[in-house]
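Shown next: data.pdb, given as PDB, C-alpha atoms and all ligand atoms.
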```
MODEL        1
ATOM      1  CA  ASP O  10      39.073  32.550 -89.374
ATOM      2  CA  GLY O  11      37.999  35.516 -91.481
ATOM      3  CA  LEU O  12      38.261  38.043 -88.667
ATOM      4  CA  ASP O  13      39.554  41.528 -89.436
ATOM      5  CA  VAL O  14      41.845  41.633 -86.425
ATOM      6  CA  ALA O  15      43.303  45.024 -87.371
ATOM      7  CA  ALA O  16      39.785  46.473 -87.232
ATOM      8  CA  LEU O  17      39.273  44.839 -83.831
ATOM      9  CA  GLU O  18      42.499  46.467 -82.627
ATOM     10  CA  ALA O  19      41.213  49.867 -83.760
ATOM     11  CA  VAL O  20      38.028  49.335 -81.745
ATOM     12  CA  ALA O  21      40.012  48.241 -78.669
ATOM     13  CA  VAL O  22      42.191  51.346 -78.963
ATOM     14  CA  ASP O  23      39.238  53.725 -79.210
ATOM     15  CA  VAL O  24      37.291  52.300 -76.294
ATOM     16  CA  ALA O  25      40.335  51.932 -74.017
ATOM     17  CA  ARG O  26      41.208  55.582 -74.668
ATOM     18  CA  ALA O  27      37.668  56.767 -74.017
ATOM     19  CA  ALA O  28      37.389  54.866 -70.735
ATOM     20  CA  GLY O  29      40.868  55.948 -69.667
ATOM     21  CA  ARG O  30      39.943  59.583 -70.145
ATOM     22  CA  LEU O  31      36.781  59.013 -68.135
ATOM     23  CA  VAL O  32      38.585  57.606 -65.113
ATOM     24  CA  VAL O  33      40.955  60.602 -65.071
ATOM     25  CA  ASP O  34      38.510  63.375 -66.028
ATOM     26  CA  GLU O  35      35.645  62.227 -63.816
ATOM     27  CA  ARG O  36      37.724  61.144 -60.869
ATOM     28  CA  PRO O  37      36.059  62.584 -57.745
ATOM     29  CA  ASP O  38      38.161  65.353 -56.165
ATOM     30  CA  ASP O  39      37.505  64.027 -52.726
ATOM     31  CA  LEU O  40      38.371  60.368 -53.142
ATOM     32  CA  GLY O  41      39.923  60.325 -49.680
ATOM     33  CA  MET O  42      37.084  62.186 -47.930
ATOM     34  CA  SER O  43      34.205  60.737 -49.827
ATOM     35  CA  GLU O  44      30.772  60.356 -48.280
ATOM     36  CA  LYS O  45      30.840  56.761 -49.452
ATOM     37  CA  SER O  46      31.310  54.062 -46.855
ATOM     38  CA  SER O  47      34.928  53.562 -47.864
ATOM     39  CA  ARG O  48      37.482  54.752 -50.376
ATOM     40  CA  THR O  49      37.275  51.387 -52.060
ATOM     41  CA  ASP O  50      33.615  51.991 -52.747
ATOM     42  CA  VAL O  51      34.468  55.088 -54.696
ATOM     43  CA  VAL O  52      37.042  53.228 -56.737
ATOM     44  CA  THR O  53      34.508  50.494 -57.390
ATOM     45  CA  GLU O  54      32.088  53.133 -58.622
ATOM     46  CA  MET O  55      34.670  54.408 -61.118
ATOM     47  CA  ASP O  56      35.458  50.812 -62.137
ATOM     48  CA  GLN O  57      31.767  50.347 -62.874
ATOM     49  CA  ARG O  58      31.442  53.599 -64.804
ATOM     50  CA  SER O  59      34.506  52.764 -66.864
ATOM     51  CA  GLN O  60      33.213  49.298 -67.684
ATOM     52  CA  GLU O  61      29.761  50.665 -68.563
ATOM     53  CA  LEU O  62      31.316  53.081 -71.023
ATOM     54  CA  VAL O  63      33.444  50.347 -72.588
ATOM     55  CA  LEU O  64      30.468  48.011 -72.932
ATOM     56  CA  ASP O  65      28.239  50.771 -74.358
ATOM     57  CA  LEU O  66      30.819  51.723 -76.980
ATOM     58  CA  LEU O  67      31.404  48.066 -77.872
ATOM     59  CA  ALA O  68      27.654  47.472 -78.207
ATOM     60  CA  GLN O  69      27.477  50.335 -80.696
ATOM     61  CA  ARG O  70      30.458  49.294 -82.786
ATOM     62  CA  ARG O  71      30.375  45.503 -82.405
ATOM     63  CA  PRO O  72      26.730  44.614 -81.647
ATOM     64  CA  ASP O  73      27.133  40.880 -82.414
ATOM     65  CA  ASP O  74      30.082  40.300 -80.076
ATOM     66  CA  ALA O  75      29.928  39.045 -76.501
ATOM     67  CA  ALA O  76      31.538  40.999 -73.662
ATOM     68  CA  MET O  77      32.675  40.310 -70.119
ATOM     69  CA  GLY O  78      34.590  42.283 -67.534
ATOM     70  CA  GLU O  79      35.822  42.467 -63.992
ATOM     71  CA  GLU O  80      32.585  44.203 -62.998
ATOM     72  CA  GLU O  81      29.026  42.933 -63.483
ATOM     73  CA  GLY O  82      27.173  43.452 -66.733
ATOM     74  CA  GLY O  83      28.564  41.360 -69.583
ATOM     75  CA  ARG O  84      26.522  40.084 -72.488
ATOM     76  CA  THR O  85      26.413  37.148 -74.890
ATOM     77  CA  GLY O  86      26.912  37.385 -78.653
ATOM     78  CA  THR O  87      26.696  35.500 -81.928
ATOM     79  CA  SER O  88      29.950  36.424 -83.717
ATOM     80  CA  GLY O  89      32.369  34.178 -81.824
ATOM     81  CA  VAL O  90      34.298  37.209 -80.538
ATOM     82  CA  THR O  91      34.224  38.064 -76.833
ATOM     83  CA  TRP O  92      35.548  41.349 -75.447
ATOM     84  CA  VAL O  93      37.370  40.945 -72.158
ATOM     85  CA  VAL O  94      37.595  44.156 -70.146
ATOM     86  CA  ASP O  95      39.435  45.321 -67.057
ATOM     87  CA  PRO O  96      37.984  48.809 -66.502
ATOM     88  CA  ILE O  97      40.775  49.842 -64.082
ATOM     89  CA  ASP O  98      43.725  47.467 -63.726
ATOM     90  CA  GLY O  99      45.864  48.777 -60.911
ATOM     91  CA  THR O 100      43.049  49.893 -58.659
ATOM     92  CA  THR O 101      45.313  50.563 -55.692
ATOM     93  CA  ASN O 102      47.516  52.841 -57.791
ATOM     94  CA  TYR O 103      44.411  54.677 -58.979
ATOM     95  CA  LEU O 104      43.312  55.132 -55.376
ATOM     96  CA  TYR O 105      46.687  56.660 -54.456
ATOM     97  CA  SER O 106      47.217  58.528 -57.752
ATOM     98  CA  VAL O 107      50.297  56.467 -58.540
ATOM     99  CA  PRO O 108      50.453  56.834 -62.339
ATOM    100  CA  ALA O 109      50.414  53.113 -63.153
ATOM    101  CA  TYR O 110      46.869  52.003 -63.857
ATOM    102  CA  ALA O 111      45.210  51.120 -67.107
ATOM    103  CA  VAL O 112      42.077  50.229 -68.993
ATOM    104  CA  SER O 113      42.591  46.836 -70.625
ATOM    105  CA  VAL O 114      40.413  45.762 -73.559
ATOM    106  CA  ALA O 115      40.923  42.544 -75.525
ATOM    107  CA  ALA O 116      39.020  40.766 -78.295
ATOM    108  CA  VAL O 117      39.291  37.012 -77.812
ATOM    109  CA  VAL O 118      38.084  33.955 -79.704
ATOM    110  CA  GLY O 119      37.063  30.837 -77.807
ATOM    111  CA  ASP O 120      35.662  30.756 -74.298
ATOM    112  CA  PRO O 121      37.424  33.163 -71.926
ATOM    113  CA  ALA O 122      35.802  31.415 -68.935
ATOM    114  CA  VAL O 123      37.709  28.195 -69.676
ATOM    115  CA  PRO O 124      41.503  28.225 -69.103
ATOM    116  CA  GLY O 125      43.348  27.447 -72.324
ATOM    117  CA  ALA O 126      40.173  27.563 -74.439
ATOM    118  CA  TRP O 127      40.624  31.084 -75.793
ATOM    119  CA  ARG O 128      43.196  33.352 -77.383
ATOM    120  CA  ALA O 129      43.343  37.103 -77.770
ATOM    121  CA  VAL O 130      43.346  38.369 -81.348
ATOM    122  CA  ALA O 131      43.442  42.116 -80.652
ATOM    123  CA  GLY O 132      43.923  44.304 -77.621
ATOM    124  CA  ALA O 133      44.753  47.656 -76.108
ATOM    125  CA  VAL O 134      46.112  48.676 -72.707
ATOM    126  CA  PHE O 135      45.826  52.413 -72.048
ATOM    127  CA  ASN O 136      47.442  54.183 -69.106
ATOM    128  CA  PRO O 137      45.692  57.571 -69.000
ATOM    129  CA  ALA O 138      48.068  58.926 -66.335
ATOM    130  CA  THR O 139      51.067  58.685 -68.690
ATOM    131  CA  ASP O 140      49.123  58.800 -71.967
ATOM    132  CA  GLU O 141      50.755  55.534 -73.043
ATOM    133  CA  LEU O 142      48.733  53.195 -75.210
ATOM    134  CA  PHE O 143      49.969  49.665 -75.880
ATOM    135  CA  HIS O 144      48.176  47.867 -78.686
ATOM    136  CA  ALA O 145      48.421  44.816 -80.912
ATOM    137  CA  HIS O 146      46.592  42.437 -83.174
ATOM    138  CA  ARG O 147      47.460  38.822 -83.868
ATOM    139  CA  GLY O 148      50.282  38.640 -86.413
ATOM    140  CA  GLY O 149      50.701  42.403 -86.648
ATOM    141  CA  GLY O 150      53.326  43.189 -84.027
ATOM    142  CA  ALA O 151      52.900  45.296 -80.894
ATOM    143  CA  ARG O 152      53.081  49.072 -80.674
ATOM    144  CA  LEU O 153      53.287  51.829 -78.106
ATOM    145  CA  THR O 154      51.578  55.078 -78.977
ATOM    146  CA  ALA O 155      52.655  57.928 -76.711
ATOM    147  CA  ARG O 156      52.738  61.722 -76.987
ATOM    148  CA  THR O 157      55.974  61.431 -78.955
ATOM    149  CA  GLY O 158      54.573  59.065 -81.568
ATOM    150  CA  THR O 159      54.230  55.347 -82.221
ATOM    151  CA  THR O 160      56.998  52.768 -81.876
ATOM    152  CA  VAL O 161      57.137  49.046 -82.614
ATOM    153  CA  LEU O 162      57.877  47.054 -79.460
ATOM    154  CA  ARG O 163      60.537  44.383 -78.964
ATOM    155  CA  VAL O 164      61.307  42.393 -75.854
ATOM    156  CA  SER O 165      64.739  42.599 -74.239
ATOM    157  CA  THR O 166      67.565  40.368 -75.423
ATOM    158  CA  GLU O 167      68.808  39.645 -71.901
ATOM    159  CA  THR O 168      69.839  36.043 -71.319
ATOM    160  CA  ASP O 169      71.376  36.201 -67.842
ATOM    161  CA  LEU O 170      68.993  35.744 -64.931
ATOM    162  CA  ALA O 171      71.390  37.517 -62.575
ATOM    163  CA  LEU O 172      71.185  40.653 -64.754
ATOM    164  CA  SER O 173      67.431  40.550 -65.187
ATOM    165  CA  LEU O 174      64.856  43.030 -63.923
ATOM    166  CA  VAL O 175      61.795  40.997 -62.998
ATOM    167  CA  GLY O 176      58.251  42.189 -62.375
ATOM    168  CA  THR O 177      55.615  40.480 -60.310
ATOM    169  CA  GLY O 178      52.377  41.139 -58.481
ATOM    170  CA  PHE O 179      50.399  39.831 -55.559
ATOM    171  CA  GLY O 180      46.846  38.670 -55.044
ATOM    172  CA  TYR O 181      44.507  40.117 -52.459
ATOM    173  CA  ALA O 182      44.110  37.069 -50.164
ATOM    174  CA  ALA O 183      46.499  36.969 -47.203
ATOM    175  CA  ALA O 184      47.191  33.232 -47.568
ATOM    176  CA  THR O 185      48.161  33.677 -51.223
ATOM    177  CA  ARG O 186      50.384  36.623 -50.326
ATOM    178  CA  ALA O 187      52.229  34.618 -47.697
ATOM    179  CA  ARG O 188      53.120  32.050 -50.365
ATOM    180  CA  GLN O 189      54.026  34.720 -52.895
ATOM    181  CA  ALA O 190      56.358  36.254 -50.307
ATOM    182  CA  ARG O 191      58.167  32.913 -49.946
ATOM    183  CA  ILE O 192      58.667  32.756 -53.695
ATOM    184  CA  LEU O 193      60.167  36.255 -53.557
ATOM    185  CA  VAL O 194      62.584  35.273 -50.774
ATOM    186  CA  ASP O 195      64.061  32.647 -53.093
ATOM    187  CA  LEU O 196      63.927  34.722 -56.279
ATOM    188  CA  LEU O 197      65.267  38.097 -55.154
ATOM    189  CA  PRO O 198      68.886  36.965 -54.527
ATOM    190  CA  GLN O 199      69.060  35.497 -58.043
ATOM    191  CA  VAL O 200      68.049  38.530 -60.134
ATOM    192  CA  ARG O 201      69.117  42.145 -60.716
ATOM    193  CA  ASP O 202      66.035  43.437 -58.938
ATOM    194  CA  ILE O 203      62.287  43.087 -58.542
ATOM    195  CA  ARG O 204      59.506  45.550 -59.422
ATOM    196  CA  ARG O 205      55.919  45.464 -58.195
ATOM    197  CA  ALA O 206      54.347  48.158 -60.327
ATOM    198  CA  GLY O 207      50.740  47.353 -59.407
ATOM    199  CA  SER O 208      49.076  46.582 -62.731
ATOM    200  CA  ALA O 209      49.378  43.170 -64.347
ATOM    201  CA  ALA O 210      48.287  44.565 -67.714
ATOM    202  CA  LEU O 211      51.034  47.194 -67.625
ATOM    203  CA  ASP O 212      53.578  44.624 -66.371
ATOM    204  CA  LEU O 213      52.941  42.464 -69.434
ATOM    205  CA  CYS O 214      53.344  45.545 -71.642
ATOM    206  CA  ALA O 215      56.557  46.419 -69.768
ATOM    207  CA  VAL O 216      58.039  43.086 -70.852
ATOM    208  CA  ALA O 217      56.904  43.866 -74.405
ATOM    209  CA  CYS O 218      58.916  47.088 -74.465
ATOM    210  CA  GLY O 219      61.956  45.892 -72.505
ATOM    211  CA  ARG O 220      61.277  47.838 -69.298
ATOM    212  CA  LEU O 221      61.215  44.436 -67.629
ATOM    213  CA  ASP O 222      63.173  41.369 -68.719
ATOM    214  CA  GLY O 223      60.583  39.023 -67.249
ATOM    215  CA  TYR O 224      57.314  38.993 -65.317
ATOM    216  CA  TYR O 225      55.449  36.334 -63.379
ATOM    217  CA  GLU O 226      52.383  36.196 -61.179
ATOM    218  CA  SER O 227      49.974  33.606 -59.830
ATOM    219  CA  GLY O 228      46.223  34.026 -59.503
ATOM    220  CA  LEU O 229      45.620  36.400 -62.425
ATOM    221  CA  ASN O 230      42.149  36.682 -63.876
ATOM    222  CA  VAL O 231      41.541  36.616 -67.608
ATOM    223  CA  TRP O 232      40.707  40.339 -67.703
ATOM    224  CA  ASP O 233      44.017  41.212 -66.034
ATOM    225  CA  ARG O 234      46.028  39.533 -68.752
ATOM    226  CA  ALA O 235      44.107  39.058 -72.030
ATOM    227  CA  ALA O 236      45.251  42.257 -73.766
ATOM    228  CA  GLY O 237      48.698  42.489 -72.158
ATOM    229  CA  GLU O 238      49.544  38.910 -73.087
ATOM    230  CA  LEU O 239      48.905  39.610 -76.740
ATOM    231  CA  VAL O 240      51.033  42.769 -76.599
ATOM    232  CA  ALA O 241      53.880  40.749 -75.035
ATOM    233  CA  LEU O 242      53.585  37.875 -77.519
ATOM    234  CA  GLU O 243      53.461  40.212 -80.502
ATOM    235  CA  ALA O 244      56.612  41.937 -79.208
ATOM    236  CA  GLY O 245      58.409  38.604 -79.321
ATOM    237  CA  ALA O 246      57.920  37.408 -75.759
ATOM    238  CA  VAL O 247      57.648  33.769 -74.771
ATOM    239  CA  LEU O 248      54.768  33.138 -72.381
ATOM    240  CA  GLY O 249      53.341  30.249 -70.438
ATOM    241  CA  GLY O 250      51.816  28.850 -67.304
ATOM    242  CA  LEU O 251      52.692  26.276 -64.702
ATOM    243  CA  ASP O 252      52.977  23.480 -67.255
ATOM    244  CA  GLY O 253      52.542  24.458 -70.884
ATOM    245  CA  ASP O 254      52.758  27.494 -73.133
ATOM    246  CA  VAL O 255      49.385  28.860 -72.034
ATOM    247  CA  ALA O 256      49.141  30.985 -68.914
ATOM    248  CA  ASP O 257      46.801  29.686 -66.254
ATOM    249  CA  ARG O 258      45.493  30.740 -62.882
ATOM    250  CA  ASP O 259      48.377  29.060 -61.058
ATOM    251  CA  LEU O 260      51.031  30.943 -62.990
ATOM    252  CA  THR O 261      51.536  33.448 -65.759
ATOM    253  CA  TRP O 262      55.144  34.050 -66.788
ATOM    254  CA  THR O 263      56.632  35.893 -69.736
ATOM    255  CA  ALA O 264      60.136  36.891 -70.838
ATOM    256  CA  GLY O 265      62.212  37.444 -73.930
ATOM    257  CA  PRO O 266      63.312  34.282 -75.750
ATOM    258  CA  GLY O 267      66.857  34.478 -74.408
ATOM    259  CA  LEU O 268      65.770  34.484 -70.799
ATOM    260  CA  ALA O 269      62.593  32.414 -71.093
ATOM    261  CA  PRO O 270      63.986  28.875 -70.571
ATOM    262  CA  VAL O 271      65.830  29.616 -67.341
ATOM    263  CA  PHE O 272      63.219  32.080 -66.104
ATOM    264  CA  ALA O 273      60.313  29.731 -66.735
ATOM    265  CA  GLY O 274      62.173  26.868 -65.076
ATOM    266  CA  LEU O 275      62.828  28.903 -61.963
ATOM    267  CA  VAL O 276      59.399  30.465 -61.489
ATOM    268  CA  ARG O 277      57.678  27.133 -62.196
ATOM    269  CA  ASP O 278      59.870  25.400 -59.607
ATOM    270  CA  LEU O 279      59.266  28.104 -57.014
ATOM    271  CA  THR O 280      55.544  28.142 -57.702
ATOM    272  CA  ARG O 281      55.310  24.351 -57.315
ATOM    273  CA  THR O 282      57.394  24.460 -54.144
ATOM    274  CA  HIS O 283      55.625  27.303 -52.383
ATOM    275  CA  LEU O 284      52.206  27.749 -53.879
ATOM    276  CA  GLY O 285      50.919  24.301 -52.954
ATOM    277  CA  GLY O 286      47.682  24.064 -54.902
ATOM    278  CA  PRO O 287      45.625  26.540 -56.846
ATOM    279  CA  ALA O 288      46.066  30.218 -56.112
ATOM    280  CA  GLN O 289      43.182  31.952 -54.418
ATOM    281  CA  GLY O 290      43.228  35.359 -56.096
TER     282      GLY O 290
HETATM  283  C1  LIG O 301      45.371  43.709 -59.865
HETATM  284  C2  LIG O 301      46.625  44.290 -60.467
HETATM  285  C3  LIG O 301      47.847  43.856 -59.684
HETATM  286  C4  LIG O 301      47.949  42.358 -59.614
HETATM  287  C5  LIG O 301      46.684  41.766 -59.035
HETATM  288  C6  LIG O 301      45.469  42.218 -59.826
HETATM  289  P1  LIG O 301      43.135  45.126 -60.110
HETATM  290  O1  LIG O 301      44.246  44.062 -60.645
HETATM  291  O2  LIG O 301      46.767  43.872 -61.815
HETATM  292  O3  LIG O 301      49.033  44.315 -60.285
HETATM  293  O4  LIG O 301      49.065  42.023 -58.816
HETATM  294  O5  LIG O 301      46.801  40.355 -59.106
HETATM  295  O6  LIG O 301      44.292  41.701 -59.221
HETATM  296  O7  LIG O 301      42.497  44.502 -58.906
HETATM  297  O8  LIG O 301      43.848  46.384 -59.789
HETATM  298  O9  LIG O 301      42.187  45.250 -61.283
ENDMDL
END
```

Here is the file; what I need is its structure written in the form of structure tokens.
Amino acid sequence: DGLDVAALEAVAVDVARAAGRLVVDERPDDLGMSEKSSRTDVVTEMDQRSQELVLDLLAQRRPDDAAMGEEEGGRTGTSGVTWVVDPIDGTTNYLYSVPAYAVSVAAVVGDPAVPGAWRAVAGAVFNPATDELFHAHRGGGARLTARTGTTVLRVSTETDLALSLVGTGFGYAAATRARQARILVDLLPQVRDIRRAGSAALDLCAVACGRLDGYYESGLNVWDRAAGELVALEAGAVLGGLDGDVADRDLTWTAGPGLAPVFAGLVRDLTRTHLGGPAQG
């Protein structure tokens, strides 16, 4: 399609880094004793500032592209590329200074508002608390750039569900959480252990680098997963949704190819059994 996806990756990397530094460097000292009406307000303010910076930088470097994010303030474009931005994925971790939050920036083609009608071609997920940057472009492999240098990522070769470390996450609505808890009750006895790290973008990258053997979650938004999905796929992961090989709002699952058939079968079954209709975020 004539796109220079390596150049798009370089843009994603630069803007994710810049916004990640902002959320750390400009974090208010008094998050917990803020004059704002609630702590969440303060986090929302940093989410907005991060997204504004990302969108400003993208407008300078890619003026013809569209952009959308978790916060208000996207724009339309003419190039066919849309930037999909989560300005702070892992908001609760950010609030508590748990070092597992990230700025997620993806370039996608197609319509990111329509499930299955888009695909990411480049992306970056930057965790400023650990200085880890996960990045990829379509067909180019996935990489982790950390203080110690850059490494090419590969998913784990685990094949045995009982030996697998599995990540997941939960939505914000109580009704959704009750169903997700029932899925966990059935899953936990069948796997090595479960992790709930608190950032879907970082969970997808954790599968890419073998820190998790598999990951699943229902109710994800496109900005939570666009960049991380590409990183996982480019590291050799298999990925899908409730039915096909495209993640959807009901279910996103990913695992290495050895584990994927059994893992997908199980999390699809459990999701169908317990989720009972579309997830509610
Ligand atoms: C959330 C995180 C969390 C996941 C939730 C997401 P946010 O994103 O990715 O890990 O379980 O589903 O909403 O709200 O921190 O940007």

Enumerate, as a JSON list (two decimals) with C-alpha atoms, keeping the file's coordinate frame, the protein, DNA and RNA residues whose atoms approach (47.3, 53.7, -60.4) to within 9 Å, taking into account all atoms listed in the file and the coordinate frame of the file.
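What landed in out-v1.json:
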```
[["chain", "number", "residue", "atom", "x", "y", "z"],
["O", 97, "ILE", "CA", 40.78, 49.84, -64.08],
["O", 98, "ASP", "CA", 43.72, 47.47, -63.73],
["O", 99, "GLY", "CA", 45.86, 48.78, -60.91],
["O", 100, "THR", "CA", 43.05, 49.89, -58.66],
["O", 101, "THR", "CA", 45.31, 50.56, -55.69],
["O", 102, "ASN", "CA", 47.52, 52.84, -57.79],
["O", 103, "TYR", "CA", 44.41, 54.68, -58.98],
["O", 104, "LEU", "CA", 43.31, 55.13, -55.38],
["O", 105, "TYR", "CA", 46.69, 56.66, -54.46],
["O", 106, "SER", "CA", 47.22, 58.53, -57.75],
["O", 107, "VAL", "CA", 50.30, 56.47, -58.54],
["O", 108, "PRO", "CA", 50.45, 56.83, -62.34],
["O", 109, "ALA", "CA", 50.41, 53.11, -63.15],
["O", 110, "TYR", "CA", 46.87, 52.00, -63.86],
["O", 111, "ALA", "CA", 45.21, 51.12, -67.11],
["O", 136, "ASN", "CA", 47.44, 54.18, -69.11],
["O", 138, "ALA", "CA", 48.07, 58.93, -66.33],
["O", 206, "ALA", "CA", 54.35, 48.16, -60.33],
["O", 207, "GLY", "CA", 50.74, 47.35, -59.41],
["O", 208, "SER", "CA", 49.08, 46.58, -62.73]]
```

* Asked: What do you get, as a PyMOL selection string, if you spell out every residue that the PyMOL selection byres (((chain O and resi 246) around 7) and not hetatm) selects here?
  -> chain O and resi 164+217+241-242+244-245+247-248+263-266

* Asked: Written as a VMD selection string, which residues does the PyMOL selection byres (((chain O and resi 65) around 12) and not hetatm) give for the file shown?
  -> chain O and resid 24 27 to 28 58 to 64 66 to 72 76 82 to 84 92

Using the selection just defined, write its residues with C-alpha atoms as a CSV table (one decimal), keeping the file's coordinate frame.
```
chain,number,residue,atom,x,y,z
O,24,VAL,CA,37.3,52.3,-76.3
O,27,ALA,CA,37.7,56.8,-74.0
O,28,ALA,CA,37.4,54.9,-70.7
O,58,ARG,CA,31.4,53.6,-64.8
O,59,SER,CA,34.5,52.8,-66.9
O,60,GLN,CA,33.2,49.3,-67.7
O,61,GLU,CA,29.8,50.7,-68.6
O,62,LEU,CA,31.3,53.1,-71.0
O,63,VAL,CA,33.4,50.3,-72.6
O,64,LEU,CA,30.5,48.0,-72.9
O,66,LEU,CA,30.8,51.7,-77.0
O,67,LEU,CA,31.4,48.1,-77.9
O,68,ALA,CA,27.7,47.5,-78.2
O,69,GLN,CA,27.5,50.3,-80.7
O,70,ARG,CA,30.5,49.3,-82.8
O,71,ARG,CA,30.4,45.5,-82.4
O,72,PRO,CA,26.7,44.6,-81.6
O,76,ALA,CA,31.5,41.0,-73.7
O,82,GLY,CA,27.2,43.5,-66.7
O,83,GLY,CA,28.6,41.4,-69.6
O,84,ARG,CA,26.5,40.1,-72.5
O,92,TRP,CA,35.5,41.3,-75.4
```

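CA of Leu31 in chain O is found 28.7 Å from CA of Gly89 in chain O.
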
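Evaluated against this file, the PyMOL selection byres (((chain O and resi 180) around 9) and not hetatm) yields Gly178, Phe179, Tyr181, Ala182, Ala183, Thr185, Arg186, Gln189, Glu226, Ser227, Gly228, Leu229, Ala288, Gln289 and Gly290 of chain O.
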
* Leu251 in chain O: which residues within 9 Å, counting only C-alpha atoms, same-chain residues fewer than 4 positions away excluded, as a VMD selection string? -> chain O and resid 255 to 262 273 276 to 278 280 to 281

Selection to disk with C-alpha atoms, as a short mmCIF file (atom, residue, chain, number, x, y, z; two decimals), keeping the file's coordinate frame:
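So result04.cif came out as:
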```
data_model
loop_
_atom_site.label_atom_id
_atom_site.label_comp_id
_atom_site.auth_asym_id
_atom_site.auth_seq_id
_atom_site.Cartn_x
_atom_site.Cartn_y
_atom_site.Cartn_z
CA VAL O 255 49.38 28.86 -72.03
CA ALA O 256 49.14 30.98 -68.91
CA ASP O 257 46.80 29.69 -66.25
CA ARG O 258 45.49 30.74 -62.88
CA ASP O 259 48.38 29.06 -61.06
CA LEU O 260 51.03 30.94 -62.99
CA THR O 261 51.54 33.45 -65.76
CA TRP O 262 55.14 34.05 -66.79
CA ALA O 273 60.31 29.73 -66.74
CA VAL O 276 59.40 30.46 -61.49
CA ARG O 277 57.68 27.13 -62.20
CA ASP O 278 59.87 25.40 -59.61
CA THR O 280 55.54 28.14 -57.70
CA ARG O 281 55.31 24.35 -57.32
#
```

* Nearest to ligand LIG 301 (chain O) by atom-to-atom distance, counting all atoms listed in the file, from O:Thr159, O:Thr91, O:Ser165, O:Ser113 -> O:Ser113

* Asked: By how many Å are CA of Leu12 in chain O and CA of Gly132 in chain O apart?
  -> 13.9 Å

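Distance annotation: of O:Ala269, O:Ala215, O:Val32, O:Val175, the residue with the minimal separation from Asp56 in chain O is O:Val32; atom set is all atoms listed in the file.
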
Find the axis-aligned box for range 256-267 of chain O, covering all its listed atoms and adding 6 Å on each side, and write its centre and edge lengths in Å to one decimal as JSON.
```
{"center_x": 56.2, "center_y": 33.3, "center_z": -68.4, "size_x": 33.4, "size_y": 20.4, "size_z": 26.7}
```

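Nearest-residue note for Pro270 in chain O: choosing from O:Glu167, O:Asp73, O:Asp202, O:Glu18, the minimum distance belongs to O:Glu167, counting only C-alpha atoms.
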
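Distances here use all atoms listed in the file; by that measure, the residue among O:Leu284, O:Val216, O:Ala145, O:Val118 closest to Thr87 in chain O is O:Val118.
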
* **Point-to-point distance from CA of Gly150 in chain O to CA of Ala133 in chain O, Å rounded to tenths** => 12.5 Å

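Between ligand LIG 301 (chain O) and the residues O:Leu17, O:Leu211, O:Cys218, O:Ile203, the shortest atom-to-atom distance, using only C-alpha atoms and all ligand atoms, involves O:Leu211.
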
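You can rank O:Phe135, O:Phe143, O:Tyr225, O:Phe272 by their closest distance to ligand LIG 301 (chain O) using only C-alpha atoms and all ligand atoms, and at the top of that list sits O:Tyr225.
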